[in-house]
There are 2 protein chains.
Amino acid sequence: MLRFNIQQPDAKITKALQHKIENLTKPKGSLGRLEELALQIGLIQQTLTPTLSHPHNVIYCSDHGIADEGISQSPKEVTRQVIHNFLNGGAGVCFLARQHNFKLKIIDAGVDFDFPSIPQLIHKKIRKGTRNFLHEPAMTYEEMERSIEWGAEIVTDCYKGGCNVISFGEMGIGNTAASSMWMTCLTGIPLIDCVGAGSGLNTEGIKHKYEVLKAALDNYSGDGSTYDIMRYFGGYEMVMAVGGMLKAAELKMIILIDGFIMTNCALAASLLYPSILLYCIFGHCGDENGHKALLNKLKVNPLLHLNLRLGEGSGSICAYPIIDSAVRMINEMHTFTQANVTKYF
Amino acid sequence: MLRFNIQQPDAKITKALQHKIENLTKPKGSLGRLEELALQIGLIQQTLTPTLSHPHNVIYCSDHGIADEGISQSPKEVTRQVIHNFLNGGAGVCFLARQHNFKLKIIDAGVDFDFPSIPQLIHKKIRKGTRNFLHEPAMTYEEMERSIEWGAEIVTDCYKGGCNVISFGEMGIGNTAASSMWMTCLTGIPLIDCVGAGSGLNTEGIKHKYEVLKAALDNYSGDGSTYDIMRYFGGYEMVMAVGGMLKAAELKMIILIDGFIMTNCALAASLLYPSILLYCIFGHCGDENGHKALLNKLKVNPLLHLNLRLGEGSGSICAYPIIDSAVRMINEMHTFTQANVTKYF
């Protein structure tokens, strides 16, 4: 299995960062989360003058064998249709990427469709969809390893292009189901509290989804290790995201985490390498059932609560301007001395 | 008293807006608050293709007689010092305004200081600070009327410059105290639940602030009407903001509401003209004690929760990119038909 060298940021700089932040012309602590973010980013970058450069949103896309069980509101062909919509600039994530100057990287991790050669689509297809985990492991160990490796490769490419802040998103009909399996197996939270509406199931649809997943859970007889859960229930896009996140942390990049599915990927990554969480900023708490409990389990507090449940990286890109604000704050605000303002605390 | 002609947006366009939003390529409702905002803004502007142009952040600044009672952590001279910091670009709101392309308008509504003539500072000084409302009304009726009028004038100027989205902020040592008085008198929420730390009082400081305000409340013998409460306890910057908000609604502008003080101004404005709330977007729920209860009283749900308590319009400007996203969503996202995506709900 590919190994990653993920280091904890050196805490020596903490005091100097705090000193700088406290001497900016504002009541102490009055910029709240912006101050926390400035500290985290200063630590990651080991500097009092952090920067954000070449933000990317990487969208890994794949199909899921479990979709054959009717666990999603959306038919499977939506995966490839939405990929075309990404490439044409019409999808939800596209206007957000344009707004906040994110470069989109769209990766075919395992879509059940033969795309013609499209330059903007990165071909990393492991297989045309995972296997149906109701009956067998979704992927082989070898496929999982390749997914981690290829996911990491994409991030290395972004890094080489000057990127130091990266958001991860996904597209894959069936992937909230796969994520619910990761969540229940990796946290111990009961399955019922991990299953939600996905792209729009009604109560009956959610009940059916739960029953299918419960049966899959009962059928599972693996060793329960993080890697085994990842490969048994995972999607190629999800495992690639885990590989991408781990590589990003190794490269000391700022990692933006999107919704329910990407939070599950961060969970899996953090079980393999706990220090990764020091590099992560959680963009938003979405509407998918289970997301809030999962964020609590990780003891993280996302920046936004906008009732989003689109995926694609939409929630993390929406949070980006706040991160940008934090960096501008520490670089641009004047200190009490500089501004001749009485320090009133 | 200056009258405003504030109309409810014509609801006839609602159905067409909803139809457009529901046909964008995303699971129904999956862009959450962005969809709500797009609907609100489409209604305000009576169009399916809304725009945001020339955003402004208006900061009314003034001093308060009640500051003589030691109810703030900050000495009074901080009001004028921070104004200099606004003008020099070093204050908290300045980097946010640069980031999101807001033009700042800084208004001397009643600062207790003789500024030299500074072109960037708009001179609308009513008086050098209000009177101390522990002993007498903070302002006369005539001063209140002039404040409303001048506050509105500033907004008309912004509008004439092509602005259709306006944020309001304030600077004034003592104005959380004045706001607590408005809140308790105008909502009936007990004073104790309306009083907070302001720029950083400790527990003892808050207790003293409460006792001063309680005494002021006991001394008050007015008629309890909105106008009377506004003039008895208000600051010139607060009353100007009320005037500014009312004018902005009359001009069908999008109004961004900042923290505790500006929410109190929106409260007062809404008691005079309830329809104003249809034009308001609440930027954030701050950390000042009472803000959450006040937002609940108004039945509004702010966009951000970032533990800010700076004022100056910082919270509403931080929320601006989300509003921008909503407008981009309705204008730029492709529909299911356009994108050849199966409509899956």
# chains A, B, ... in the order shown; residues from 1 in each chain; ligands from 1
call {"tool": "interface_residues", "arguments": {"of": "chain B", "to": "chain A", "cutoff": "6 Å", "atoms": "only C-alpha atoms", "output": "list in words"}}
result
Pro27, Ser30, Leu31, Gly32, Arg33, Ser74, Gln81, Gly90, Ala91, Ser199, Leu306, Asn307, Leu308, Arg309, Leu310, Met333, His334, Val341 and Tyr344 of chain B
call {"tool": "residues_around", "arguments": {"residues": "A:Gly172", "least_positions_apart": "3", "cutoff": "6 Å", "atoms": "only C-alpha atoms", "output": "list in words"}}
result
Cys61, Ser62, Asp63, Thr79 and Asn175 of chain A
call {"tool": "write_last_selection", "arguments": {"atoms": "N, CA and C atoms", "output": "short mmCIF file (atom, residue, chain, number, x, y, z; two decimals), in the first residue's frame"}}
result
data_model
loop_
_atom_site.label_atom_id
_atom_site.label_comp_id
_atom_site.auth_asym_id
_atom_site.auth_seq_id
_atom_site.Cartn_x
_atom_site.Cartn_y
_atom_site.Cartn_z
N CYS A 61 -15.10 11.04 -10.22
CA CYS A 61 -16.43 10.57 -10.62
C CYS A 61 -16.41 9.07 -10.87
N SER A 62 -17.45 8.39 -10.42
CA SER A 62 -17.49 6.95 -10.64
C SER A 62 -18.90 6.40 -10.45
N ASP A 63 -19.12 5.21 -10.98
CA ASP A 63 -20.40 4.53 -10.76
C ASP A 63 -20.26 3.42 -9.71
N THR A 79 -24.74 10.01 -13.78
CA THR A 79 -23.31 10.23 -13.51
C THR A 79 -22.62 10.79 -14.75
N ASN A 175 -23.33 7.05 -4.37
CA ASN A 175 -22.23 7.22 -3.41
C ASN A 175 -22.62 7.72 -2.03
#
call {"tool": "residues_around", "arguments": {"residues": "stretch 187-192 of chain B", "least_positions_apart": "3", "cutoff": "8 Å", "atoms": "only C-alpha atoms", "output": "ChimeraX atom specification"}}
result
/B:180-181,183-184,195,210,214,297
call {"tool": "write_last_selection", "arguments": {"atoms": "all heavy atoms", "output": "PDB file, in the first residue's frame"}}
result
ATOM      1  N   SER B 180     -29.059  47.590  23.134  1.00  0.00           N
ATOM      2  CA  SER B 180     -29.738  46.755  24.133  1.00  0.00           C
ATOM      3  C   SER B 180     -31.019  47.428  24.614  1.00  0.00           C
ATOM      4  O   SER B 180     -32.033  46.759  24.855  1.00  0.00           O
ATOM      5  CB  SER B 180     -28.817  46.503  25.336  1.00  0.00           C
ATOM      6  OG  SER B 180     -27.666  45.808  24.925  1.00  0.00           O
ATOM      7  N   MET B 181     -30.972  48.751  24.728  1.00  0.00           N
ATOM      8  CA  MET B 181     -32.165  49.480  25.168  1.00  0.00           C
ATOM      9  C   MET B 181     -33.256  49.412  24.106  1.00  0.00           C
ATOM     10  O   MET B 181     -34.429  49.193  24.418  1.00  0.00           O
ATOM     11  CB  MET B 181     -31.802  50.948  25.469  1.00  0.00           C
ATOM     12  CG  MET B 181     -30.821  51.119  26.621  1.00  0.00           C
ATOM     13  SD  MET B 181     -31.335  50.303  28.144  1.00  0.00           S
ATOM     14  CE  MET B 181     -32.581  51.451  28.709  1.00  0.00           C
ATOM     15  N   MET B 183     -33.597  47.061  21.949  1.00  0.00           N
ATOM     16  CA  MET B 183     -34.059  45.675  21.873  1.00  0.00           C
ATOM     17  C   MET B 183     -35.069  45.374  22.979  1.00  0.00           C
ATOM     18  O   MET B 183     -36.151  44.839  22.722  1.00  0.00           O
ATOM     19  CB  MET B 183     -32.873  44.714  21.940  1.00  0.00           C
ATOM     20  CG  MET B 183     -33.271  43.244  21.897  1.00  0.00           C
ATOM     21  SD  MET B 183     -31.823  42.147  21.789  1.00  0.00           S
ATOM     22  CE  MET B 183     -32.583  40.579  22.277  1.00  0.00           C
ATOM     23  N   THR B 184     -34.714  45.722  24.216  1.00  0.00           N
ATOM     24  CA  THR B 184     -35.629  45.383  25.316  1.00  0.00           C
ATOM     25  C   THR B 184     -36.935  46.156  25.192  1.00  0.00           C
ATOM     26  O   THR B 184     -38.018  45.609  25.406  1.00  0.00           O
ATOM     27  CB  THR B 184     -34.959  45.576  26.692  1.00  0.00           C
ATOM     28  OG1 THR B 184     -35.802  45.016  27.691  1.00  0.00           O
ATOM     29  CG2 THR B 184     -34.686  47.027  27.034  1.00  0.00           C
ATOM     30  N   VAL B 195     -28.221  42.362  27.022  1.00  0.00           N
ATOM     31  CA  VAL B 195     -26.965  43.056  27.338  1.00  0.00           C
ATOM     32  C   VAL B 195     -25.782  42.112  27.164  1.00  0.00           C
ATOM     33  O   VAL B 195     -25.805  40.991  27.663  1.00  0.00           O
ATOM     34  CB  VAL B 195     -26.993  43.597  28.787  1.00  0.00           C
ATOM     35  CG1 VAL B 195     -25.674  44.260  29.144  1.00  0.00           C
ATOM     36  CG2 VAL B 195     -28.145  44.588  28.946  1.00  0.00           C
ATOM     37  N   TYR B 210     -25.205  46.466  32.734  1.00  0.00           N
ATOM     38  CA  TYR B 210     -26.609  46.118  32.961  1.00  0.00           C
ATOM     39  C   TYR B 210     -27.241  47.047  33.993  1.00  0.00           C
ATOM     40  O   TYR B 210     -28.361  47.543  33.811  1.00  0.00           O
ATOM     41  CB  TYR B 210     -26.738  44.655  33.415  1.00  0.00           C
ATOM     42  CG  TYR B 210     -28.129  44.324  33.912  1.00  0.00           C
ATOM     43  CD1 TYR B 210     -29.185  44.177  33.016  1.00  0.00           C
ATOM     44  CD2 TYR B 210     -28.394  44.213  35.277  1.00  0.00           C
ATOM     45  CE1 TYR B 210     -30.467  43.908  33.461  1.00  0.00           C
ATOM     46  CE2 TYR B 210     -29.674  43.946  35.736  1.00  0.00           C
ATOM     47  CZ  TYR B 210     -30.709  43.796  34.830  1.00  0.00           C
ATOM     48  OH  TYR B 210     -31.978  43.546  35.272  1.00  0.00           O
ATOM     49  N   LYS B 214     -30.322  49.376  33.397  1.00  0.00           N
ATOM     50  CA  LYS B 214     -31.532  49.131  34.189  1.00  0.00           C
ATOM     51  C   LYS B 214     -32.014  50.439  34.811  1.00  0.00           C
ATOM     52  O   LYS B 214     -33.219  50.752  34.790  1.00  0.00           O
ATOM     53  CB  LYS B 214     -31.211  48.094  35.278  1.00  0.00           C
ATOM     54  CG  LYS B 214     -32.394  47.725  36.179  1.00  0.00           C
ATOM     55  CD  LYS B 214     -33.401  46.877  35.424  1.00  0.00           C
ATOM     56  CE  LYS B 214     -34.551  46.408  36.321  1.00  0.00           C
ATOM     57  NZ  LYS B 214     -35.328  47.517  36.892  1.00  0.00           N
ATOM     58  N   LYS B 297     -36.618  36.644  17.104  1.00  0.00           N
ATOM     59  CA  LYS B 297     -37.808  37.507  17.241  1.00  0.00           C
ATOM     60  C   LYS B 297     -38.249  38.011  15.867  1.00  0.00           C
ATOM     61  O   LYS B 297     -39.450  38.092  15.577  1.00  0.00           O
ATOM     62  CB  LYS B 297     -37.453  38.696  18.139  1.00  0.00           C
ATOM     63  CG  LYS B 297     -38.633  39.512  18.582  1.00  0.00           C
ATOM     64  CD  LYS B 297     -39.351  38.835  19.729  1.00  0.00           C
ATOM     65  CE  LYS B 297     -40.620  39.569  20.119  1.00  0.00           C
ATOM     66  NZ  LYS B 297     -41.302  38.895  21.238  1.00  0.00           N
TER      67      LYS B 297
END
call {"tool": "select_by_dssp", "arguments": {"residues": "stretch 123-326 of chain A", "states": "helix (DSSP H, G or I)", "output": "VMD selection string"}}
result
chain A and resid 141 to 160 175 to 187 191 to 194 203 to 219 226 to 233 236 to 250 260 to 272 274 to 279 291 to 297 314 to 326
call {"tool": "residues_around", "arguments": {"residues": "stretch 8-17 of chain A", "least_positions_apart": "4", "cutoff": "12 Å", "atoms": "only C-alpha atoms", "output": "MDAnalysis selection string"}}
result
chainID A and resid 21:24 35:50 249:254 273:279 327 330:331
call {"tool": "residues_around", "arguments": {"residues": "B:Glu136", "least_positions_apart": "2", "cutoff": "9 Å", "atoms": "only C-alpha atoms", "output": "list in words"}}
result
Arg131, Asn132, Phe133, Leu134, Ala138, Met139, Ala216, Asn219, Tyr220 and Tyr232 of chain B
call {"tool": "write_last_selection", "arguments": {"atoms": "N, CA, C and O atoms", "output": "CSV table (one decimal), in the first residue's frame"}}
result
chain,number,residue,atom,x,y,z
B,131,ARG,N,-26.7,62.9,24.0
B,131,ARG,CA,-26.8,63.1,25.4
B,131,ARG,C,-26.8,61.8,26.2
B,131,ARG,O,-27.0,60.8,25.6
B,132,ASN,N,-26.5,61.9,27.5
B,132,ASN,CA,-26.5,60.7,28.3
B,132,ASN,C,-27.9,60.2,28.7
B,132,ASN,O,-28.5,60.9,29.5
B,133,PHE,N,-28.3,59.1,28.1
B,133,PHE,CA,-29.7,58.7,28.3
B,133,PHE,C,-30.0,58.2,29.7
B,133,PHE,O,-31.1,57.8,30.1
B,134,LEU,N,-29.0,58.1,30.6
B,134,LEU,CA,-29.2,57.8,32.0
B,134,LEU,C,-30.0,59.0,32.6
B,134,LEU,O,-30.8,58.7,33.5
B,138,ALA,N,-31.5,60.9,24.6
B,138,ALA,CA,-30.2,61.0,23.9
B,138,ALA,C,-30.2,62.1,22.9
B,138,ALA,O,-29.2,62.7,22.6
B,139,MET,N,-31.4,62.3,22.2
B,139,MET,CA,-31.5,63.3,21.2
B,139,MET,C,-32.9,63.9,21.2
B,139,MET,O,-33.8,63.4,21.8
B,216,ALA,N,-31.4,53.4,33.7
B,216,ALA,CA,-31.9,54.3,32.6
B,216,ALA,C,-33.3,53.8,32.2
B,216,ALA,O,-34.2,54.7,31.9
B,219,ASN,N,-35.7,55.1,34.7
B,219,ASN,CA,-35.9,56.6,34.6
B,219,ASN,C,-36.8,56.9,33.5
B,219,ASN,O,-37.3,58.1,33.4
B,220,TYR,N,-36.9,56.1,32.5
B,220,TYR,CA,-37.6,56.4,31.2
B,220,TYR,C,-39.1,56.6,31.5
B,220,TYR,O,-39.7,55.7,32.1
B,232,TYR,N,-34.9,58.4,22.4
B,232,TYR,CA,-34.5,58.5,23.8
B,232,TYR,C,-33.2,57.8,24.1
B,232,TYR,O,-32.3,58.2,24.8
call {"tool": "decode", "arguments": {"residues": "stretch 310-327 of chain B", "atoms": "N, CA, C and O atoms", "output": "PDB file, in the first residue's frame"}}
result
ATOM      1  N   LEU B 310     -17.440  42.316  15.438  1.00  0.00           N
ATOM      2  CA  LEU B 310     -16.648  43.503  15.113  1.00  0.00           C
ATOM      3  C   LEU B 310     -17.525  44.665  14.689  1.00  0.00           C
ATOM      4  O   LEU B 310     -17.179  45.824  14.909  1.00  0.00           O
ATOM      5  N   GLY B 311     -18.665  44.375  14.076  1.00  0.00           N
ATOM      6  CA  GLY B 311     -19.461  45.465  13.508  1.00  0.00           C
ATOM      7  C   GLY B 311     -18.828  45.970  12.231  1.00  0.00           C
ATOM      8  O   GLY B 311     -18.188  45.204  11.511  1.00  0.00           O
ATOM      9  N   GLU B 312     -19.044  47.233  11.933  1.00  0.00           N
ATOM     10  CA  GLU B 312     -18.457  47.897  10.757  1.00  0.00           C
ATOM     11  C   GLU B 312     -19.066  47.407   9.437  1.00  0.00           C
ATOM     12  O   GLU B 312     -18.660  47.831   8.369  1.00  0.00           O
ATOM     13  N   GLY B 313     -19.980  46.448   9.502  1.00  0.00           N
ATOM     14  CA  GLY B 313     -20.497  45.816   8.285  1.00  0.00           C
ATOM     15  C   GLY B 313     -19.723  44.553   7.935  1.00  0.00           C
ATOM     16  O   GLY B 313     -19.962  43.941   6.885  1.00  0.00           O
ATOM     17  N   SER B 314     -18.812  44.137   8.811  1.00  0.00           N
ATOM     18  CA  SER B 314     -17.942  42.993   8.489  1.00  0.00           C
ATOM     19  C   SER B 314     -18.746  41.709   8.231  1.00  0.00           C
ATOM     20  O   SER B 314     -18.452  40.966   7.292  1.00  0.00           O
ATOM     21  N   GLY B 315     -19.763  41.470   9.042  1.00  0.00           N
ATOM     22  CA  GLY B 315     -20.537  40.231   8.884  1.00  0.00           C
ATOM     23  C   GLY B 315     -21.367  40.221   7.615  1.00  0.00           C
ATOM     24  O   GLY B 315     -21.506  39.182   6.959  1.00  0.00           O
ATOM     25  N   SER B 316     -21.904  41.365   7.264  1.00  0.00           N
ATOM     26  CA  SER B 316     -22.732  41.369   6.051  1.00  0.00           C
ATOM     27  C   SER B 316     -21.866  41.295   4.801  1.00  0.00           C
ATOM     28  O   SER B 316     -22.242  40.647   3.826  1.00  0.00           O
ATOM     29  N   ILE B 317     -20.691  41.900   4.826  1.00  0.00           N
ATOM     30  CA  ILE B 317     -19.815  41.792   3.644  1.00  0.00           C
ATOM     31  C   ILE B 317     -19.298  40.355   3.507  1.00  0.00           C
ATOM     32  O   ILE B 317     -19.198  39.828   2.401  1.00  0.00           O
ATOM     33  N   CYS B 318     -18.989  39.715   4.630  1.00  0.00           N
ATOM     34  CA  CYS B 318     -18.562  38.304   4.568  1.00  0.00           C
ATOM     35  C   CYS B 318     -19.625  37.435   3.904  1.00  0.00           C
ATOM     36  O   CYS B 318     -19.304  36.422   3.282  1.00  0.00           O
ATOM     37  N   ALA B 319     -20.874  37.794   4.066  1.00  0.00           N
ATOM     38  CA  ALA B 319     -21.964  36.983   3.501  1.00  0.00           C
ATOM     39  C   ALA B 319     -22.197  37.280   2.027  1.00  0.00           C
ATOM     40  O   ALA B 319     -22.893  36.522   1.342  1.00  0.00           O
ATOM     41  N   TYR B 320     -21.613  38.356   1.538  1.00  0.00           N
ATOM     42  CA  TYR B 320     -21.912  38.792   0.166  1.00  0.00           C
ATOM     43  C   TYR B 320     -21.629  37.725  -0.893  1.00  0.00           C
ATOM     44  O   TYR B 320     -22.443  37.534  -1.811  1.00  0.00           O
ATOM     45  N   PRO B 321     -20.496  37.003  -0.843  1.00  0.00           N
ATOM     46  CA  PRO B 321     -20.247  36.018  -1.904  1.00  0.00           C
ATOM     47  C   PRO B 321     -21.342  34.971  -2.014  1.00  0.00           C
ATOM     48  O   PRO B 321     -21.573  34.431  -3.101  1.00  0.00           O
ATOM     49  N   ILE B 322     -22.037  34.688  -0.917  1.00  0.00           N
ATOM     50  CA  ILE B 322     -23.127  33.706  -0.972  1.00  0.00           C
ATOM     51  C   ILE B 322     -24.301  34.288  -1.755  1.00  0.00           C
ATOM     52  O   ILE B 322     -24.970  33.593  -2.535  1.00  0.00           O
ATOM     53  N   ILE B 323     -24.527  35.561  -1.574  1.00  0.00           N
ATOM     54  CA  ILE B 323     -25.592  36.251  -2.314  1.00  0.00           C
ATOM     55  C   ILE B 323     -25.225  36.298  -3.797  1.00  0.00           C
ATOM     56  O   ILE B 323     -26.046  36.044  -4.671  1.00  0.00           O
ATOM     57  N   ASP B 324     -23.958  36.597  -4.040  1.00  0.00           N
ATOM     58  CA  ASP B 324     -23.451  36.588  -5.415  1.00  0.00           C
ATOM     59  C   ASP B 324     -23.624  35.190  -6.036  1.00  0.00           C
ATOM     60  O   ASP B 324     -24.039  35.056  -7.191  1.00  0.00           O
ATOM     61  N   SER B 325     -23.338  34.151  -5.257  1.00  0.00           N
ATOM     62  CA  SER B 325     -23.503  32.774  -5.756  1.00  0.00           C
ATOM     63  C   SER B 325     -24.950  32.518  -6.170  1.00  0.00           C
ATOM     64  O   SER B 325     -25.215  31.873  -7.191  1.00  0.00           O
ATOM     65  N   ALA B 326     -25.880  32.998  -5.365  1.00  0.00           N
ATOM     66  CA  ALA B 326     -27.299  32.774  -5.656  1.00  0.00           C
ATOM     67  C   ALA B 326     -27.680  33.414  -6.990  1.00  0.00           C
ATOM     68  O   ALA B 326     -28.411  32.819  -7.788  1.00  0.00           O
ATOM     69  N   VAL B 327     -27.164  34.600  -7.213  1.00  0.00           N
ATOM     70  CA  VAL B 327     -27.474  35.312  -8.463  1.00  0.00           C
ATOM     71  C   VAL B 327     -26.813  34.613  -9.650  1.00  0.00           C
ATOM     72  O   VAL B 327     -27.411  34.450 -10.715  1.00  0.00           O
TER      73      VAL B 327
END
